[in-house]
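Engineer: Dropping in run.pdb, with PDB, C-alpha atoms, pLDDT in the B column.
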```pdb
ATOM      1  CA  MET A   1      65.868-111.830 -46.140  1.00 48.00           C
ATOM      2  CA  VAL A   2      69.411-113.294 -45.808  1.00 43.00           C
ATOM      3  CA  ASP A   3      70.828-110.150 -47.376  1.00 48.00           C
ATOM      4  CA  ASP A   4      68.929-108.027 -44.818  1.00 49.00           C
ATOM      5  CA  LEU A   5      70.376-110.096 -41.952  1.00 47.00           C
ATOM      6  CA  ASP A   6      73.865-109.750 -43.384  1.00 52.00           C
ATOM      7  CA  ASP A   7      73.419-105.959 -43.615  1.00 56.00           C
ATOM      8  CA  GLU A   8      72.220-105.764 -40.013  1.00 60.00           C
ATOM      9  CA  GLN A   9      75.167-107.913 -38.850  1.00 60.00           C
ATOM     10  CA  GLU A  10      77.590-105.651 -40.682  1.00 62.00           C
ATOM     11  CA  GLN A  11      75.991-102.585 -39.171  1.00 63.00           C
ATOM     12  CA  TRP A  12      76.173-104.120 -35.707  1.00 58.00           C
ATOM     13  CA  GLU A  13      79.840-105.030 -36.127  1.00 63.00           C
ATOM     14  CA  TYR A  14      80.579-101.531 -37.381  1.00 62.00           C
ATOM     15  CA  PHE A  15      78.744-100.007 -34.424  1.00 55.00           C
ATOM     16  CA  LYS A  16      80.683-102.187 -31.947  1.00 61.00           C
ATOM     17  CA  GLY A  17      83.936-101.166 -33.567  1.00 65.00           C
ATOM     18  CA  TRP A  18      82.986 -97.508 -33.480  1.00 58.00           C
ATOM     19  CA  ILE A  19      82.060 -97.746 -29.785  1.00 57.00           C
ATOM     20  CA  ALA A  20      85.317 -99.530 -29.017  1.00 65.00           C
ATOM     21  CA  GLN A  21      87.259 -96.807 -30.738  1.00 67.00           C
ATOM     22  CA  ASN A  22      85.286 -93.747 -29.545  1.00 65.00           C
ATOM     23  CA  GLY A  23      83.644 -94.955 -26.362  1.00 60.00           C
ATOM     24  CA  PRO A  24      86.309 -93.635 -23.978  1.00 65.00           C
ATOM     25  CA  TRP A  25      86.030 -90.172 -25.497  1.00 61.00           C
ATOM     26  CA  ILE A  26      82.246 -90.244 -25.198  1.00 64.00           C
ATOM     27  CA  VAL A  27      82.446 -91.289 -21.562  1.00 59.00           C
ATOM     28  CA  ALA A  28      85.069 -88.642 -20.888  1.00 58.00           C
ATOM     29  CA  GLY A  29      82.851 -86.015 -22.485  1.00 62.00           C
ATOM     30  CA  ILE A  30      79.917 -87.040 -20.333  1.00 65.00           C
ATOM     31  CA  ILE A  31      82.086 -86.929 -17.220  1.00 60.00           C
ATOM     32  CA  VAL A  32      83.432 -83.485 -18.107  1.00 60.00           C
ATOM     33  CA  GLY A  33      79.906 -82.227 -18.796  1.00 63.00           C
ATOM     34  CA  VAL A  34      78.567 -83.526 -15.498  1.00 61.00           C
ATOM     35  CA  ALA A  35      81.580 -82.146 -13.649  1.00 58.00           C
ATOM     36  CA  GLY A  36      81.053 -78.752 -15.282  1.00 60.00           C
ATOM     37  CA  ILE A  37      77.415 -78.642 -14.247  1.00 62.00           C
ATOM     38  CA  TRP A  38      78.310 -79.712 -10.712  1.00 56.00           C
ATOM     39  CA  GLY A  39      81.119 -77.141 -10.566  1.00 57.00           C
ATOM     40  CA  TRP A  40      78.858 -74.319 -11.721  1.00 46.00           C
ATOM     41  CA  ASN A  41      76.164 -75.270  -9.226  1.00 52.00           C
ATOM     42  CA  ALA A  42      78.743 -75.495  -6.451  1.00 48.00           C
ATOM     43  CA  TYR A  43      80.172 -72.095  -7.401  1.00 42.00           C
ATOM     44  CA  LYS A  44      76.725 -70.505  -7.565  1.00 52.00           C
ATOM     45  CA  GLY A  45      75.868 -72.003  -4.194  1.00 55.00           C
ATOM     46  CA  HIS A  46      79.070 -70.579  -2.731  1.00 40.00           C
ATOM     47  CA  VAL A  47      78.354 -67.118  -4.159  1.00 47.00           C
ATOM     48  CA  ASP A  48      74.795 -67.186  -2.805  1.00 51.00           C
ATOM     49  CA  ALA A  49      76.032 -68.287   0.613  1.00 54.00           C
ATOM     50  CA  GLN A  50      78.621 -65.499   0.679  1.00 58.00           C
ATOM     51  CA  ALA A  51      76.028 -62.912  -0.302  1.00 62.00           C
ATOM     52  CA  HIS A  52      73.686 -64.144   2.428  1.00 63.00           C
ATOM     53  CA  ALA A  53      76.469 -64.030   5.020  1.00 71.00           C
ATOM     54  CA  ALA A  54      77.400 -60.479   3.942  1.00 71.00           C
ATOM     55  CA  GLU A  55      73.765 -59.412   4.208  1.00 81.00           C
ATOM     56  CA  GLN A  56      73.524 -60.803   7.731  1.00 78.00           C
ATOM     57  CA  GLN A  57      76.684 -59.016   8.835  1.00 82.00           C
ATOM     58  CA  TYR A  58      75.437 -55.783   7.267  1.00 81.00           C
ATOM     59  CA  GLU A  59      72.171 -56.092   9.201  1.00 80.00           C
ATOM     60  CA  GLN A  60      74.189 -56.541  12.399  1.00 84.00           C
ATOM     61  CA  VAL A  61      76.089 -53.347  11.638  1.00 75.00           C
ATOM     62  CA  VAL A  62      72.861 -51.425  11.068  1.00 79.00           C
ATOM     63  CA  ASP A  63      71.332 -52.920  14.218  1.00 79.00           C
ATOM     64  CA  ALA A  64      74.362 -51.846  16.257  1.00 81.00           C
ATOM     65  CA  PHE A  65      74.109 -48.318  14.884  1.00 77.00           C
ATOM     66  CA  GLY A  66      70.401 -48.317  15.686  1.00 77.00           C
ATOM     67  CA  ARG A  67      71.192 -49.272  19.285  1.00 77.00           C
ATOM     68  CA  LYS A  68      73.875 -46.536  19.344  1.00 76.00           C
ATOM     69  CA  ASP A  69      76.473 -49.169  20.151  1.00 76.00           C
ATOM     70  CA  SER A  70      79.270 -47.528  18.195  1.00 78.00           C
ATOM     71  CA  ALA A  71      81.960 -49.917  19.426  1.00 83.00           C
ATOM     72  CA  ARG A  72      80.071 -52.993  18.247  1.00 85.00           C
ATOM     73  CA  ALA A  73      79.112 -51.279  14.991  1.00 78.00           C
ATOM     74  CA  ALA A  74      82.749 -50.469  14.261  1.00 81.00           C
ATOM     75  CA  SER A  75      83.780 -54.031  15.090  1.00 84.00           C
ATOM     76  CA  MET A  76      81.078 -55.543  12.880  1.00 81.00           C
ATOM     77  CA  LEU A  77      81.920 -53.150  10.034  1.00 81.00           C
ATOM     78  CA  ALA A  78      85.582 -54.156  10.230  1.00 84.00           C
ATOM     79  CA  ALA A  79      84.566 -57.836  10.125  1.00 83.00           C
ATOM     80  CA  LEU A  80      82.299 -57.215   7.130  1.00 80.00           C
ATOM     81  CA  GLU A  81      85.135 -55.472   5.264  1.00 79.00           C
ATOM     82  CA  ARG A  82      87.530 -58.305   6.113  1.00 83.00           C
ATOM     83  CA  ASP A  83      85.198 -61.159   5.201  1.00 79.00           C
ATOM     84  CA  HIS A  84      83.441 -59.650   2.174  1.00 76.00           C
ATOM     85  CA  ALA A  85      85.743 -57.067   0.624  1.00 74.00           C
ATOM     86  CA  GLY A  86      84.184 -55.694  -2.560  1.00 73.00           C
ATOM     87  CA  SER A  87      80.628 -56.550  -1.536  1.00 82.00           C
ATOM     88  CA  PRO A  88      78.016 -53.810  -2.014  1.00 84.00           C
ATOM     89  CA  TYR A  89      77.013 -54.468   1.589  1.00 84.00           C
ATOM     90  CA  VAL A  90      80.368 -52.993   2.657  1.00 88.00           C
ATOM     91  CA  ASP A  91      79.530 -49.811   0.746  1.00 90.00           C
ATOM     92  CA  GLN A  92      76.068 -49.661   2.287  1.00 88.00           C
ATOM     93  CA  ALA A  93      77.512 -50.157   5.763  1.00 88.00           C
ATOM     94  CA  ARG A  94      80.037 -47.371   5.207  1.00 90.00           C
ATOM     95  CA  LEU A  95      77.260 -45.037   4.049  1.00 91.00           C
ATOM     96  CA  ALA A  96      75.349 -45.884   7.216  1.00 90.00           C
ATOM     97  CA  ALA A  97      78.460 -45.237   9.299  1.00 92.00           C
ATOM     98  CA  ALA A  98      78.949 -41.868   7.600  1.00 92.00           C
ATOM     99  CA  ARG A  99      75.345 -40.868   8.310  1.00 91.00           C
ATOM    100  CA  VAL A 100      75.737 -41.713  11.997  1.00 91.00           C
ATOM    101  CA  ALA A 101      79.034 -39.820  12.096  1.00 92.00           C
ATOM    102  CA  VAL A 102      77.369 -36.700  10.652  1.00 92.00           C
ATOM    103  CA  GLU A 103      74.577 -36.975  13.205  1.00 90.00           C
ATOM    104  CA  SER A 104      77.262 -37.123  15.903  1.00 90.00           C
ATOM    105  CA  ASN A 105      79.076 -34.153  14.317  1.00 92.00           C
ATOM    106  CA  ASP A 106      82.114 -36.323  13.619  1.00 93.00           C
ATOM    107  CA  LEU A 107      82.671 -34.925  10.145  1.00 95.00           C
ATOM    108  CA  ALA A 108      86.195 -36.314   9.841  1.00 95.00           C
ATOM    109  CA  ALA A 109      84.927 -39.881  10.281  1.00 94.00           C
ATOM    110  CA  ALA A 110      82.111 -39.238   7.795  1.00 94.00           C
ATOM    111  CA  ASP A 111      84.652 -37.864   5.325  1.00 96.00           C
ATOM    112  CA  THR A 112      86.751 -41.047   5.595  1.00 94.00           C
ATOM    113  CA  ASP A 113      83.833 -43.428   5.061  1.00 94.00           C
ATOM    114  CA  LEU A 114      82.386 -41.451   2.171  1.00 95.00           C
ATOM    115  CA  ARG A 115      85.721 -41.200   0.365  1.00 96.00           C
ATOM    116  CA  ALA A 116      86.145 -44.959   0.684  1.00 94.00           C
ATOM    117  CA  VAL A 117      82.814 -45.583  -1.054  1.00 94.00           C
ATOM    118  CA  MET A 118      83.309 -42.842  -3.632  1.00 95.00           C
ATOM    119  CA  THR A 119      86.666 -44.191  -4.772  1.00 94.00           C
ATOM    120  CA  GLY A 120      86.268 -47.902  -4.086  1.00 91.00           C
ATOM    121  CA  SER A 121      82.684 -48.890  -4.863  1.00 91.00           C
ATOM    122  CA  HIS A 122      81.997 -51.123  -7.866  1.00 90.00           C
ATOM    123  CA  ASP A 123      78.482 -49.653  -8.040  1.00 91.00           C
ATOM    124  CA  PRO A 124      78.493 -46.349  -9.983  1.00 91.00           C
ATOM    125  CA  GLU A 125      75.299 -45.134  -8.307  1.00 91.00           C
ATOM    126  CA  LEU A 126      76.593 -45.780  -4.777  1.00 92.00           C
ATOM    127  CA  ALA A 127      79.801 -43.974  -5.731  1.00 93.00           C
ATOM    128  CA  LEU A 128      77.726 -40.958  -6.841  1.00 94.00           C
ATOM    129  CA  VAL A 129      75.702 -41.006  -3.617  1.00 93.00           C
ATOM    130  CA  ALA A 130      78.943 -41.016  -1.612  1.00 95.00           C
ATOM    131  CA  ARG A 131      80.384 -38.175  -3.729  1.00 95.00           C
ATOM    132  CA  LEU A 132      77.298 -36.038  -3.211  1.00 95.00           C
ATOM    133  CA  ARG A 133      77.259 -36.633   0.551  1.00 95.00           C
ATOM    134  CA  LEU A 134      80.990 -35.992   0.787  1.00 96.00           C
ATOM    135  CA  ALA A 135      80.536 -32.607  -0.892  1.00 96.00           C
ATOM    136  CA  ARG A 136      77.929 -31.704   1.719  1.00 96.00           C
ATOM    137  CA  VAL A 137      80.249 -32.799   4.522  1.00 96.00           C
ATOM    138  CA  LEU A 138      83.041 -30.683   3.033  1.00 96.00           C
ATOM    139  CA  LEU A 139      80.700 -27.687   2.953  1.00 96.00           C
ATOM    140  CA  ALA A 140      79.874 -28.277   6.596  1.00 95.00           C
ATOM    141  CA  GLU A 141      83.613 -28.291   7.277  1.00 94.00           C
ATOM    142  CA  GLY A 142      83.961 -24.954   5.497  1.00 94.00           C
ATOM    143  CA  LYS A 143      85.880 -26.472   2.584  1.00 96.00           C
ATOM    144  CA  SER A 144      83.842 -24.900  -0.216  1.00 95.00           C
ATOM    145  CA  GLU A 145      86.573 -25.117  -2.859  1.00 96.00           C
ATOM    146  CA  GLU A 146      87.063 -28.839  -2.253  1.00 97.00           C
ATOM    147  CA  ALA A 147      83.306 -29.377  -2.153  1.00 96.00           C
ATOM    148  CA  LEU A 148      82.980 -27.703  -5.545  1.00 96.00           C
ATOM    149  CA  GLY A 149      85.754 -29.846  -6.977  1.00 96.00           C
ATOM    150  CA  THR A 150      84.060 -32.954  -5.592  1.00 96.00           C
ATOM    151  CA  VAL A 151      80.722 -32.346  -7.309  1.00 94.00           C
ATOM    152  CA  GLN A 152      82.451 -31.303 -10.514  1.00 92.00           C
ATOM    153  CA  GLY A 153      84.592 -34.441 -10.473  1.00 89.00           C
ATOM    154  CA  ALA A 154      81.851 -36.631 -11.939  1.00 87.00           C
ATOM    155  CA  THR A 155      79.072 -36.389 -14.501  1.00 83.00           C
ATOM    156  CA  PRO A 156      75.898 -37.686 -12.859  1.00 81.00           C
ATOM    157  CA  GLY A 157      73.012 -39.171 -14.779  1.00 78.00           C
ATOM    158  CA  SER A 158      69.624 -37.499 -14.901  1.00 72.00           C
ATOM    159  CA  ALA A 159      68.557 -39.037 -11.575  1.00 81.00           C
ATOM    160  CA  PHE A 160      71.341 -37.278  -9.673  1.00 87.00           C
ATOM    161  CA  ALA A 161      71.726 -34.154 -11.810  1.00 89.00           C
ATOM    162  CA  PRO A 162      69.352 -31.922  -9.766  1.00 90.00           C
ATOM    163  CA  GLU A 163      71.069 -32.755  -6.459  1.00 91.00           C
ATOM    164  CA  PHE A 164      74.540 -32.232  -7.888  1.00 93.00           C
ATOM    165  CA  ALA A 165      73.462 -28.880  -9.324  1.00 93.00           C
ATOM    166  CA  GLU A 166      72.039 -27.742  -5.995  1.00 93.00           C
ATOM    167  CA  VAL A 167      75.164 -28.723  -4.053  1.00 94.00           C
ATOM    168  CA  ARG A 168      77.276 -26.997  -6.702  1.00 95.00           C
ATOM    169  CA  GLY A 169      75.153 -23.903  -6.085  1.00 95.00           C
ATOM    170  CA  ASP A 170      75.724 -24.204  -2.325  1.00 94.00           C
ATOM    171  CA  ALA A 171      79.488 -24.439  -2.892  1.00 96.00           C
ATOM    172  CA  LEU A 172      79.525 -21.449  -5.242  1.00 95.00           C
ATOM    173  CA  LEU A 173      77.480 -19.393  -2.797  1.00 94.00           C
ATOM    174  CA  ALA A 174      79.892 -20.315   0.002  1.00 95.00           C
ATOM    175  CA  LYS A 175      82.698 -19.007  -2.227  1.00 94.00           C
ATOM    176  CA  GLY A 176      80.807 -15.731  -2.726  1.00 94.00           C
ATOM    177  CA  ASP A 177      79.740 -16.387  -6.314  1.00 95.00           C
ATOM    178  CA  ARG A 178      76.074 -15.393  -6.092  1.00 94.00           C
ATOM    179  CA  ALA A 179      75.497 -15.311  -9.849  1.00 94.00           C
ATOM    180  CA  GLY A 180      77.026 -18.757 -10.303  1.00 95.00           C
ATOM    181  CA  ALA A 181      75.017 -20.112  -7.383  1.00 93.00           C
ATOM    182  CA  LEU A 182      71.770 -18.721  -8.805  1.00 94.00           C
ATOM    183  CA  ALA A 183      72.484 -20.318 -12.181  1.00 95.00           C
ATOM    184  CA  ALA A 184      73.191 -23.680 -10.508  1.00 94.00           C
ATOM    185  CA  TYR A 185      70.016 -23.476  -8.422  1.00 92.00           C
ATOM    186  CA  ARG A 186      67.953 -22.693 -11.515  1.00 92.00           C
ATOM    187  CA  GLU A 187      69.584 -25.627 -13.285  1.00 91.00           C
ATOM    188  CA  ALA A 188      68.601 -27.861 -10.359  1.00 89.00           C
ATOM    189  CA  SER A 189      65.050 -26.521 -10.414  1.00 87.00           C
ATOM    190  CA  ALA A 190      64.698 -27.102 -14.161  1.00 85.00           C
ATOM    191  CA  ALA A 191      65.918 -30.689 -13.825  1.00 77.00           C
ATOM    192  CA  LYS A 192      64.269 -31.514 -10.530  1.00 62.00           C
ATOM    193  CA  THR A 193      62.599 -34.866 -10.116  1.00 59.00           C
ATOM    194  CA  ALA A 194      59.671 -35.431  -7.798  1.00 51.00           C
ATOM    195  CA  GLY A 195      60.841 -36.645  -4.409  1.00 53.00           C
ATOM    196  CA  VAL A 196      64.514 -35.981  -5.133  1.00 57.00           C
ATOM    197  CA  LEU A 197      64.858 -32.375  -3.971  1.00 63.00           C
ATOM    198  CA  ASP A 198      63.401 -30.227  -1.242  1.00 71.00           C
ATOM    199  CA  THR A 199      61.739 -27.971  -3.788  1.00 79.00           C
ATOM    200  CA  ALA A 200      60.523 -25.471  -1.194  1.00 83.00           C
ATOM    201  CA  THR A 201      64.053 -24.853   0.077  1.00 87.00           C
ATOM    202  CA  LEU A 202      65.432 -24.704  -3.464  1.00 86.00           C
ATOM    203  CA  ASP A 203      62.801 -22.154  -4.511  1.00 88.00           C
ATOM    204  CA  LEU A 204      63.640 -20.097  -1.422  1.00 89.00           C
ATOM    205  CA  LYS A 205      67.335 -20.086  -2.390  1.00 90.00           C
ATOM    206  CA  ILE A 206      66.445 -18.934  -5.903  1.00 92.00           C
ATOM    207  CA  ARG A 207      64.145 -16.148  -4.687  1.00 91.00           C
ATOM    208  CA  ASP A 208      66.737 -14.952  -2.210  1.00 88.00           C
ATOM    209  CA  LEU A 209      69.462 -14.665  -4.853  1.00 90.00           C
ATOM    210  CA  ALA A 210      67.177 -13.358  -7.596  1.00 85.00           C
ATOM    211  CA  SER A 211      65.788 -10.518  -5.490  1.00 78.00           C
ATOM    212  CA  PRO A 212      67.446  -7.117  -6.050  1.00 64.00           C
TER     213      PRO A 212
END
```
So that I can check it, write out the structure of this file as structure tokens.
Structural biologist:
Amino acid sequence: MVDDLDDEQEQWEYFKGWIAQNGPWIVAGIIVGVAGIWGWNAYKGHVDAQAHAAEQQYEQVVDAFGRKDSARAASMLAALERDHAGSPYVDQARLAAARVAVESNDLAAADTDLRAVMTGSHDPELALVARLRLARVLLAEGKSEEALGTVQGATPGSAFAPEFAEVRGDALLAKGDRAGALAAYREASAAKTAGVLDTATLDLKIRDLASP
């Protein structure tokens, strides 16, 4: 029994010595760990708050466009770009601005907004959407060669392939290349996805070019 007590006393003394020697490092480690958790939570909270603020500003831009208040829409879009540069909401707002510009027949303004998204977006799909719409704007401006170069400047995935092929066909037809246009339209038809293309219009284009 005495030997057991002596062993326990030795263990206790060893433990106290170990704590005295390593305690500060243990405490420091705990503090660093807690600080890291707090820092991550604070950072995540900041990111979430920024995303929410960007979303609200984007909704204000869309609302202004919906009310046809172009001055306010432009002001809100500029504020969104200033406060949340790089946010996908900026890209979405620019796409909305381009759509309104096309509806107003301001193709130059649409061109500017679409180029900004095409070259600056961090979202590959949004960049492809902007590229496709820019090609259509260029066709409307009579710039068929540039439109063709725009659609050929990227390799779209399967989701966008039919639309890119159709616009390529439109550009080739505008350049007078009927055979090339027909081949592009047939490519679009073969790859078409439900809900992606106006199949009736595409089939009409194919019939028109295929007829003798």
Engineer: Which polymer residues, whether protein, DNA or RNA, lie within 12 Å of the coordinate (80.3, -23.2, -1.6) when you count only C-alpha atoms? List them as an mmCIF file with C-alpha atoms, keeping the file's coordinate frame, using the chain letters and numbers from the file.
Structural biologist:
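selection04.cif, freshly written:
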```
data_model
loop_
_atom_site.group_PDB
_atom_site.id
_atom_site.type_symbol
_atom_site.label_atom_id
_atom_site.label_comp_id
_atom_site.auth_asym_id
_atom_site.auth_seq_id
_atom_site.Cartn_x
_atom_site.Cartn_y
_atom_site.Cartn_z
ATOM 1 C CA ALA A 135 80.536 -32.607 -0.892
ATOM 2 C CA ARG A 136 77.929 -31.704 1.719
ATOM 3 C CA VAL A 137 80.249 -32.799 4.522
ATOM 4 C CA LEU A 138 83.041 -30.683 3.033
ATOM 5 C CA LEU A 139 80.700 -27.687 2.953
ATOM 6 C CA ALA A 140 79.874 -28.277 6.596
ATOM 7 C CA GLU A 141 83.613 -28.291 7.277
ATOM 8 C CA GLY A 142 83.961 -24.954 5.497
ATOM 9 C CA LYS A 143 85.880 -26.472 2.584
ATOM 10 C CA SER A 144 83.842 -24.900 -0.216
ATOM 11 C CA GLU A 145 86.573 -25.117 -2.859
ATOM 12 C CA GLU A 146 87.063 -28.839 -2.253
ATOM 13 C CA ALA A 147 83.306 -29.377 -2.153
ATOM 14 C CA LEU A 148 82.980 -27.703 -5.545
ATOM 15 C CA GLY A 149 85.754 -29.846 -6.977
ATOM 16 C CA THR A 150 84.060 -32.954 -5.592
ATOM 17 C CA VAL A 151 80.722 -32.346 -7.309
ATOM 18 C CA ALA A 165 73.462 -28.880 -9.324
ATOM 19 C CA GLU A 166 72.039 -27.742 -5.995
ATOM 20 C CA VAL A 167 75.164 -28.723 -4.053
ATOM 21 C CA ARG A 168 77.276 -26.997 -6.702
ATOM 22 C CA GLY A 169 75.153 -23.903 -6.085
ATOM 23 C CA ASP A 170 75.724 -24.204 -2.325
ATOM 24 C CA ALA A 171 79.488 -24.439 -2.892
ATOM 25 C CA LEU A 172 79.525 -21.449 -5.242
ATOM 26 C CA LEU A 173 77.480 -19.393 -2.797
ATOM 27 C CA ALA A 174 79.892 -20.315 0.002
ATOM 28 C CA LYS A 175 82.698 -19.007 -2.227
ATOM 29 C CA GLY A 176 80.807 -15.731 -2.726
ATOM 30 C CA ASP A 177 79.740 -16.387 -6.314
ATOM 31 C CA ARG A 178 76.074 -15.393 -6.092
ATOM 32 C CA GLY A 180 77.026 -18.757 -10.303
ATOM 33 C CA ALA A 181 75.017 -20.112 -7.383
ATOM 34 C CA ALA A 184 73.191 -23.680 -10.508
#
```
Engineer: By how many Å are atom CA of Ala190 of chain A and atom CA of Arg133 of chain A apart?
Structural biologist: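 It comes out at 21.6 Å.
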Engineer: Once the PyMOL selection byres ((chain A and resi 108) around 12) is applied to the coordinates I shared, what remains selected? I want it as a PyMOL selection string.
Structural biologist: chain A and resi 97-102+104-107+109-115+134+137-138+140-141
Engineer: Any chance you could resolve the PyMOL selection byres ((chain A and resi 163) around 12) against this file and give the residues as a PyMOL selection string?
Structural biologist: chain A and resi 128-129+131-133+135-136+151+155-162+164-170+184-199+202
Engineer: Pick from A:Ser70, A:Ala96, A:Glu103, A:Ala54: nearest to Asp83 of chain A, with all atoms listed in the file counted?
Structural biologist: A:Ala54
Engineer: Rank nothing, just name the residue among A:Ala74, A:Leu204, A:Leu126, A:Leu182 nearest to Asp91 of chain A, using all atoms listed in the file.
Structural biologist: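 Among the listed residues, A:Leu126 lies closest to Asp91 of chain A.
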Engineer: Could you state the separation of atom CA of Glu81 of chain A and atom CA of Gln152 of chain A in Å, given to one decimal place?
Structural biologist: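 For atom CA of Glu81 of chain A relative to atom CA of Gln152 of chain A, the distance reads 29.0 Å.
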Engineer: For Gly86 of chain A, which of A:Val117, A:Ala73, A:Ala210, A:Val62 is the closest residue, counting only C-alpha atoms?
Structural biologist: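 Counting only C-alpha atoms, the residue closest to Gly86 of chain A is A:Val117.
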Engineer: What's the separation between atom CA of Phe65 of chain A and atom CA of Pro124 of chain A, in Å to one decimal place?
Structural biologist: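 Separation between atom CA of Phe65 of chain A and atom CA of Pro124 of chain A: 25.3 Å.
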Engineer: Assuming the input is short of atoms at segment 170-188 of chain A, produce N, CA and C atoms for that part as a short mmCIF file (atom, residue, chain, number, x, y, z; two decimals), keeping the file's coordinate frame.
Structural biologist:
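Produced file selection-v5.cif, reproduced below:
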```
data_model
loop_
_atom_site.label_atom_id
_atom_site.label_comp_id
_atom_site.auth_asym_id
_atom_site.auth_seq_id
_atom_site.Cartn_x
_atom_site.Cartn_y
_atom_site.Cartn_z
N ASP A 170 75.35 -24.47 -3.72
CA ASP A 170 75.72 -24.20 -2.33
C ASP A 170 77.22 -23.89 -2.21
N ALA A 171 78.04 -24.65 -2.95
CA ALA A 171 79.49 -24.44 -2.89
C ALA A 171 79.87 -23.08 -3.50
N LEU A 172 79.23 -22.74 -4.61
CA LEU A 172 79.53 -21.45 -5.24
C LEU A 172 79.10 -20.29 -4.34
N LEU A 173 77.96 -20.44 -3.70
CA LEU A 173 77.48 -19.39 -2.80
C LEU A 173 78.44 -19.23 -1.62
N ALA A 174 78.94 -20.37 -1.10
CA ALA A 174 79.89 -20.32 0.00
C ALA A 174 81.18 -19.61 -0.42
N LYS A 175 81.50 -19.68 -1.71
CA LYS A 175 82.70 -19.01 -2.23
C LYS A 175 82.43 -17.54 -2.57
N GLY A 176 81.16 -17.12 -2.44
CA GLY A 176 80.81 -15.73 -2.73
C GLY A 176 80.34 -15.48 -4.14
N ASP A 177 80.17 -16.54 -4.92
CA ASP A 177 79.74 -16.39 -6.31
C ASP A 177 78.22 -16.49 -6.37
N ARG A 178 77.53 -15.39 -6.15
CA ARG A 178 76.07 -15.39 -6.09
C ARG A 178 75.46 -15.67 -7.46
N ALA A 179 76.04 -15.10 -8.50
CA ALA A 179 75.50 -15.31 -9.85
C ALA A 179 75.66 -16.77 -10.26
N GLY A 180 76.81 -17.35 -9.98
CA GLY A 180 77.03 -18.76 -10.30
C GLY A 180 76.11 -19.67 -9.51
N ALA A 181 75.90 -19.32 -8.24
CA ALA A 181 75.02 -20.11 -7.38
C ALA A 181 73.59 -20.06 -7.91
N LEU A 182 73.13 -18.87 -8.29
CA LEU A 182 71.77 -18.72 -8.80
C LEU A 182 71.58 -19.56 -10.07
N ALA A 183 72.57 -19.53 -10.95
CA ALA A 183 72.48 -20.32 -12.18
C ALA A 183 72.42 -21.81 -11.86
N ALA A 184 73.20 -22.26 -10.89
CA ALA A 184 73.19 -23.68 -10.51
C ALA A 184 71.86 -24.07 -9.88
N TYR A 185 71.30 -23.18 -9.04
CA TYR A 185 70.02 -23.48 -8.42
C TYR A 185 68.90 -23.55 -9.47
N ARG A 186 68.96 -22.67 -10.44
CA ARG A 186 67.95 -22.69 -11.52
C ARG A 186 68.10 -23.95 -12.37
N GLU A 187 69.34 -24.37 -12.57
CA GLU A 187 69.58 -25.63 -13.28
C GLU A 187 68.97 -26.80 -12.51
N ALA A 188 69.16 -26.80 -11.19
CA ALA A 188 68.60 -27.86 -10.36
C ALA A 188 67.08 -27.84 -10.42
#
```
